[in-house]
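Working notes, beginning with the structure itself.
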Amino acid sequence: METPIPLVDLKTQSAAIKQEVLERIGDVIDSAGYILGEQVSQFEQQFAQFCNAKHCVGLANGTDALHLALRALEIGPGDEVITVGNSFAATALAIHYSGATPILVDCDEEDFNIDVNQLESAITERTRAIIPVHLYGHPAPMPQIMELASRHNLRVIEDAAQAHGAEIDGKRIGSWGDVACFSFYPGKNLGAFGDGGAAVTNDPVLADKIELLRSYGQVRKNVHDRLGFNCRLDTVQAAVLLTKMQYIEQWTEARRQVASWYREALAGAEGVTLPPEKPNCRHVYHLFVIRHPQRDELLKFLAERQIYCGIHYPHPLSEAQPFEDCATVPLGLPVATRLASEIISLPMYPEMTRQDVSRVAEATKLAAQKDSILP
Ligand SMILES: Cc1ncc(COP(=O)(O)O)c(C=O)c1O
C-alpha cells in the first residue's frame, strides 16, 4: 500500500515548529494577556508590514474581517455589494450579515477570478462596494477593478483569505483596495492553530472603526456609542502566527516550487488544463487547481491510489440556499457553473516533495488515458 498523499498536510509543518510555538504560548500563559495581549499588536505590526500596508487589525476569523469591513464602510440594508459567484460561501455570507444584498458576477474562464467585463453591467444606483476574491492565491485583476470602482465611486474590499503574499506588478495584495480581509484558518497559507483573521488597510479611520467594532463597539470601558461585536484575534493564536510569520516567505516559495514541478510534470497531459499565472502576478498557490473534463472519475481514480484531492467549489454560490435569490450577472453564471464540474484541486502544501508531485502527476496522466478512467 502506498503512503497517502493528502490534499493538505498540516501535521508535518506543525511538528517542525512545535517547540517554538509552545515557548511563545508559554509566554502568553505567563503574561496572562489572554485578550488583546502584546502578541496581538506585535503580530498586527508584522502582518501590516508583510502586506506593505499601514494598519492591520487582528480579528477572530476571515468572515468577521469581511463583515466588519463592510460595517466600517457604513454599508448595510438597501445597499448592493458585488462579488464573484465562485467563492467560498463566507464571502457572500458576510455581505448578508451586514444587511446588504450580494450580487454575484461570473468568473473569467482564464484565471477563475471575477470577470471585469461583466462587472460593469452588475453596477446599479444601489451598488456601494465590490469584493473581489483572490481565488486559490492568484490575484484578481485589481488595476481594472480599482479603475472601475473609482469611476463609479465604489469601495473595494479584497477577499484575500487565500492570497497571503500574492502580488500584482510587485505590489502586495492587501494594499490595493480600501481594505483587505485575510483568514488564518489552519489550512490557509498562513494558518493559526484554530480560527483567526485580519483586516488590513492604509486608512487610519477605517482601521480605528474596525478596532472598535471588534470589541463591543466600546470607546472606553462601558461606553458603547455604536453596535459592536466580539471578534478579536486570540492572543494564543497571535503567538502561533508570530512564529509562523518567520517562515511564510520560505513556505510561499516552496508552494511555488511545487507548482512549477506540477507544471513540468503535467505539461501536455491529455485532458488536463493547468492553472494560469499571469506574467505580472505572483501566485501564492493556496490551491493548485487543474481542469479535467472527467473530473469525478479522475478524483476517484486518484483516491484509489491514496492521492486525495478536493473541489473548490463544487457549485456556484447561487446554488446554495442562502444565495438562491441573489441576482447573477450574467444570468445563471454560465462560466462558473461549467468550471464547477471540471475543477479539481491537487495536493498542495509547502512540504510536498518532488517525488510526491511526480506520483500525483503520473497517476493523473495514467487516468487521462481513456482506458484507465472509463469503465
Ligand atoms: C475566499 C474565502 N473567503 C472567506 C473565508 C472565510 O475565512 P474564515 O474561515 O477564517 O472565516 C475563506 C476561508 O475559509 C475563504 O476561502
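In the C-alpha cells, the first chain shown is A, the next is B, and so on; residue numbers restart at 1 for each chain, and ligands run from 1 in the order shown.
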* Asked: Can I get the residues close to ligand 1 as a PyMOL selection string, where close means within 9 Å and we count only C-alpha atoms and all ligand atoms?
  -> chain A and resi 60-66+87-92+94+133-136+159-163+181-188+195-198
So that I can check the secondary structure, give me every residue of segment 194-358 of chain A assigned alpha helix (DSSP H) by backbone DSSP, as an mmCIF file with C-alpha atoms, in the first residue's frame.
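Output file selection-v3.cif follows:
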data_model
loop_
_atom_site.group_PDB
_atom_site.id
_atom_site.type_symbol
_atom_site.label_atom_id
_atom_site.label_comp_id
_atom_site.auth_asym_id
_atom_site.auth_seq_id
_atom_site.Cartn_x
_atom_site.Cartn_y
_atom_site.Cartn_z
ATOM 1 C CA PRO A 204 -6.372 55.049 9.752
ATOM 2 C CA VAL A 205 -10.050 55.978 10.195
ATOM 3 C CA LEU A 206 -11.192 52.639 8.803
ATOM 4 C CA ALA A 207 -8.674 50.776 10.986
ATOM 5 C CA ASP A 208 -9.969 52.592 14.096
ATOM 6 C CA LYS A 209 -13.570 51.788 13.219
ATOM 7 C CA ILE A 210 -12.799 48.090 12.737
ATOM 8 C CA GLU A 211 -10.898 48.082 16.027
ATOM 9 C CA LEU A 212 -13.959 49.465 17.812
ATOM 10 C CA LEU A 213 -16.318 47.059 16.089
ATOM 11 C CA ARG A 214 -14.232 44.028 17.093
ATOM 12 C CA THR A 235 -3.530 36.204 21.922
ATOM 13 C CA VAL A 236 -2.650 32.486 21.789
ATOM 14 C CA GLN A 237 -3.376 32.423 18.049
ATOM 15 C CA ALA A 238 -1.329 35.609 17.587
ATOM 16 C CA ALA A 239 1.593 33.801 19.266
ATOM 17 C CA VAL A 240 1.229 30.916 16.783
ATOM 18 C CA LEU A 241 1.041 33.349 13.874
ATOM 19 C CA LEU A 242 4.114 35.269 15.069
ATOM 20 C CA THR A 243 6.064 32.016 14.975
ATOM 21 C CA LYS A 244 4.777 31.205 11.502
ATOM 22 C CA MET A 245 5.482 34.699 10.143
ATOM 23 C CA ILE A 248 5.826 32.487 5.450
ATOM 24 C CA GLU A 249 8.164 33.626 2.649
ATOM 25 C CA GLN A 250 10.004 30.298 2.682
ATOM 26 C CA TRP A 251 6.715 28.353 2.638
ATOM 27 C CA THR A 252 5.328 30.500 -0.170
ATOM 28 C CA GLU A 253 8.427 29.859 -2.279
ATOM 29 C CA ALA A 254 8.064 26.129 -1.503
ATOM 30 C CA ARG A 255 4.462 26.243 -2.766
ATOM 31 C CA ARG A 256 5.648 27.990 -5.926
ATOM 32 C CA GLN A 257 8.296 25.307 -6.377
ATOM 33 C CA VAL A 258 5.665 22.564 -6.033
ATOM 34 C CA ALA A 259 3.562 24.390 -8.643
ATOM 35 C CA SER A 260 6.455 24.538 -11.079
ATOM 36 C CA TRP A 261 7.150 20.797 -10.595
ATOM 37 C CA TYR A 262 3.467 20.138 -11.365
ATOM 38 C CA ARG A 263 3.652 22.331 -14.472
ATOM 39 C CA GLU A 264 6.708 20.488 -15.717
ATOM 40 C CA ALA A 265 5.323 17.028 -14.951
ATOM 41 C CA LEU A 266 1.840 17.700 -16.349
ATOM 42 C CA ARG A 295 -13.185 15.337 -13.090
ATOM 43 C CA ASP A 296 -15.283 12.964 -10.963
ATOM 44 C CA GLU A 297 -13.641 9.878 -12.477
ATOM 45 C CA LEU A 298 -10.197 11.429 -12.013
ATOM 46 C CA LEU A 299 -10.946 12.215 -8.364
ATOM 47 C CA LYS A 300 -11.957 8.593 -7.759
ATOM 48 C CA PHE A 301 -9.008 7.202 -9.726
ATOM 49 C CA LEU A 302 -6.545 9.250 -7.655
ATOM 50 C CA ALA A 303 -8.236 8.405 -4.342
ATOM 51 C CA GLU A 304 -7.892 4.697 -5.180
ATOM 52 C CA PRO A 334 -22.504 30.086 -17.119
ATOM 53 C CA VAL A 335 -18.697 30.056 -16.772
ATOM 54 C CA ALA A 336 -18.642 29.400 -13.017
ATOM 55 C CA THR A 337 -21.240 26.656 -13.471
ATOM 56 C CA ARG A 338 -19.210 24.904 -16.170
ATOM 57 C CA LEU A 339 -15.932 25.221 -14.264
ATOM 58 C CA ALA A 340 -17.543 23.794 -11.112
ATOM 59 C CA ARG A 354 9.293 16.294 -5.946
ATOM 60 C CA GLN A 355 8.568 12.558 -5.618
ATOM 61 C CA ASP A 356 5.090 13.288 -4.232
ATOM 62 C CA VAL A 357 4.417 15.638 -7.144
ATOM 63 C CA SER A 358 5.651 13.032 -9.656
#
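Near Glu44 of chain A, within 9 Å and counting only C-alpha atoms, sit A:Gln39, A:Val40, A:Ser41, A:Phe47, A:Ala48, A:Gln49, A:His55, A:Cys56, A:Val57, A:Gly58, A:Ala198, A:Val200, A:Ala238; same-chain residues fewer than 3 positions away were not included.
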Write the selection just made, keeping C-alpha atoms, as a compact mmCIF listing (two decimals), in the first residue's frame?
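Contents of again38.txt, freshly written:
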# COMPACT_ATOMS: atom_id res chain seq x y z
CA GLN A 39 1.45 39.34 20.86
CA VAL A 40 -1.67 40.60 19.05
CA SER A 41 -0.22 44.07 18.44
CA PHE A 47 1.45 41.46 9.17
CA ALA A 48 0.78 45.07 8.09
CA GLN A 49 4.45 45.30 7.09
CA HIS A 55 -2.62 49.12 9.58
CA CYS A 56 -3.70 45.62 10.48
CA VAL A 57 -6.49 44.73 12.90
CA GLY A 58 -6.46 41.16 14.20
CA ALA A 198 -7.33 40.24 9.97
CA VAL A 200 -5.51 45.34 6.53
CA ALA A 238 -1.33 35.61 17.59
* Write out as a ChimeraX atom specification each polymer residue whose atoms come within 9 Å of Asn52 of chain A, counting only C-alpha atoms; drop sequence neighbours fewer than 5 positions from it. => /A:47,171-175
Restricting it to C-alpha atoms, dump the selection as a compact mmCIF listing (two decimals), in the first residue's frame.
# COMPACT_ATOMS: atom_id res chain seq x y z
CA PHE A 47 1.45 41.46 9.17
CA LYS A 171 2.55 45.37 -5.25
CA ARG A 172 1.30 43.16 -2.43
CA ILE A 173 -2.27 42.02 -2.09
CA GLY A 174 -3.56 43.88 0.94
CA SER A 175 -2.68 47.34 -0.29
* Out of A:Leu346, A:Leu93, A:Ala269, A:Ala166, which residue has the shortest atom-to-atom distance to Val284 of chain A when counting only C-alpha atoms? ->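 Closest to Val284 of chain A, using only C-alpha atoms: A:Ala166.
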* In terms of the shortest atom-to-atom distance over only C-alpha atoms, which of A:Asp225, A:Glu38, A:Asp106, A:Glu277 is closest to Pro139 of chain A? -> A:Glu277
* With only C-alpha atoms as the atoms that count, which of A:Val272, A:Ala367, A:Ala149, A:Met348 lies nearest to Asn189 of chain A? -> A:Met348
* **Backbone-only DSSP, strand (DSSP E or B) members of segment 39-230 of chain A, as an MDAnalysis selection string** => chainID A and resid 55:59 80:84 101:105 107 114 127:131 133 155:159 167:168 171:172 179:183 197:201 215 218:220 223:224 230
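Distance check against Ile35 of chain A using only C-alpha atoms: of A:Arg291, A:His315, A:Arg232, A:Arg282, the minimum falls on A:Arg232.
Considering the residues A:Ile75, A:Cys281, A:Leu59, A:Gly332 and counting only C-alpha atoms, Ala140 of chain A has its shortest atom-to-atom contact with A:Cys281.
You will find atom CA of Pro322 of chain A at 25.6 Å from atom CA of Leu287 of chain A.
If you look at atom CA of Glu20 of chain A and atom CA of Gly137 of chain A, they are 27.3 Å away from each other.
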* To do: Could you jot down the atom CA of Met142 of chain A to atom CA of Leu73 of chain A separation for me, Å, one decimal place?
  =>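 Result for atom CA of Met142 of chain A versus atom CA of Leu73 of chain A: 19.2 Å, one decimal.
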* **10 Å contact set for Thr124 of chain A, only C-alpha atoms, chain neighbours under 5 positions out, as a list in words** =>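 Near Thr124 of chain A, the qualifying residues are Asp79, Glu80 and His152 of chain A.
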* Just the residues within 9 Å of Leu227 of chain A, please, counting only C-alpha atoms, with nothing from its chain fewer than 4 positions along; format it as a ChimeraX atom specification. => /A:213,216-218
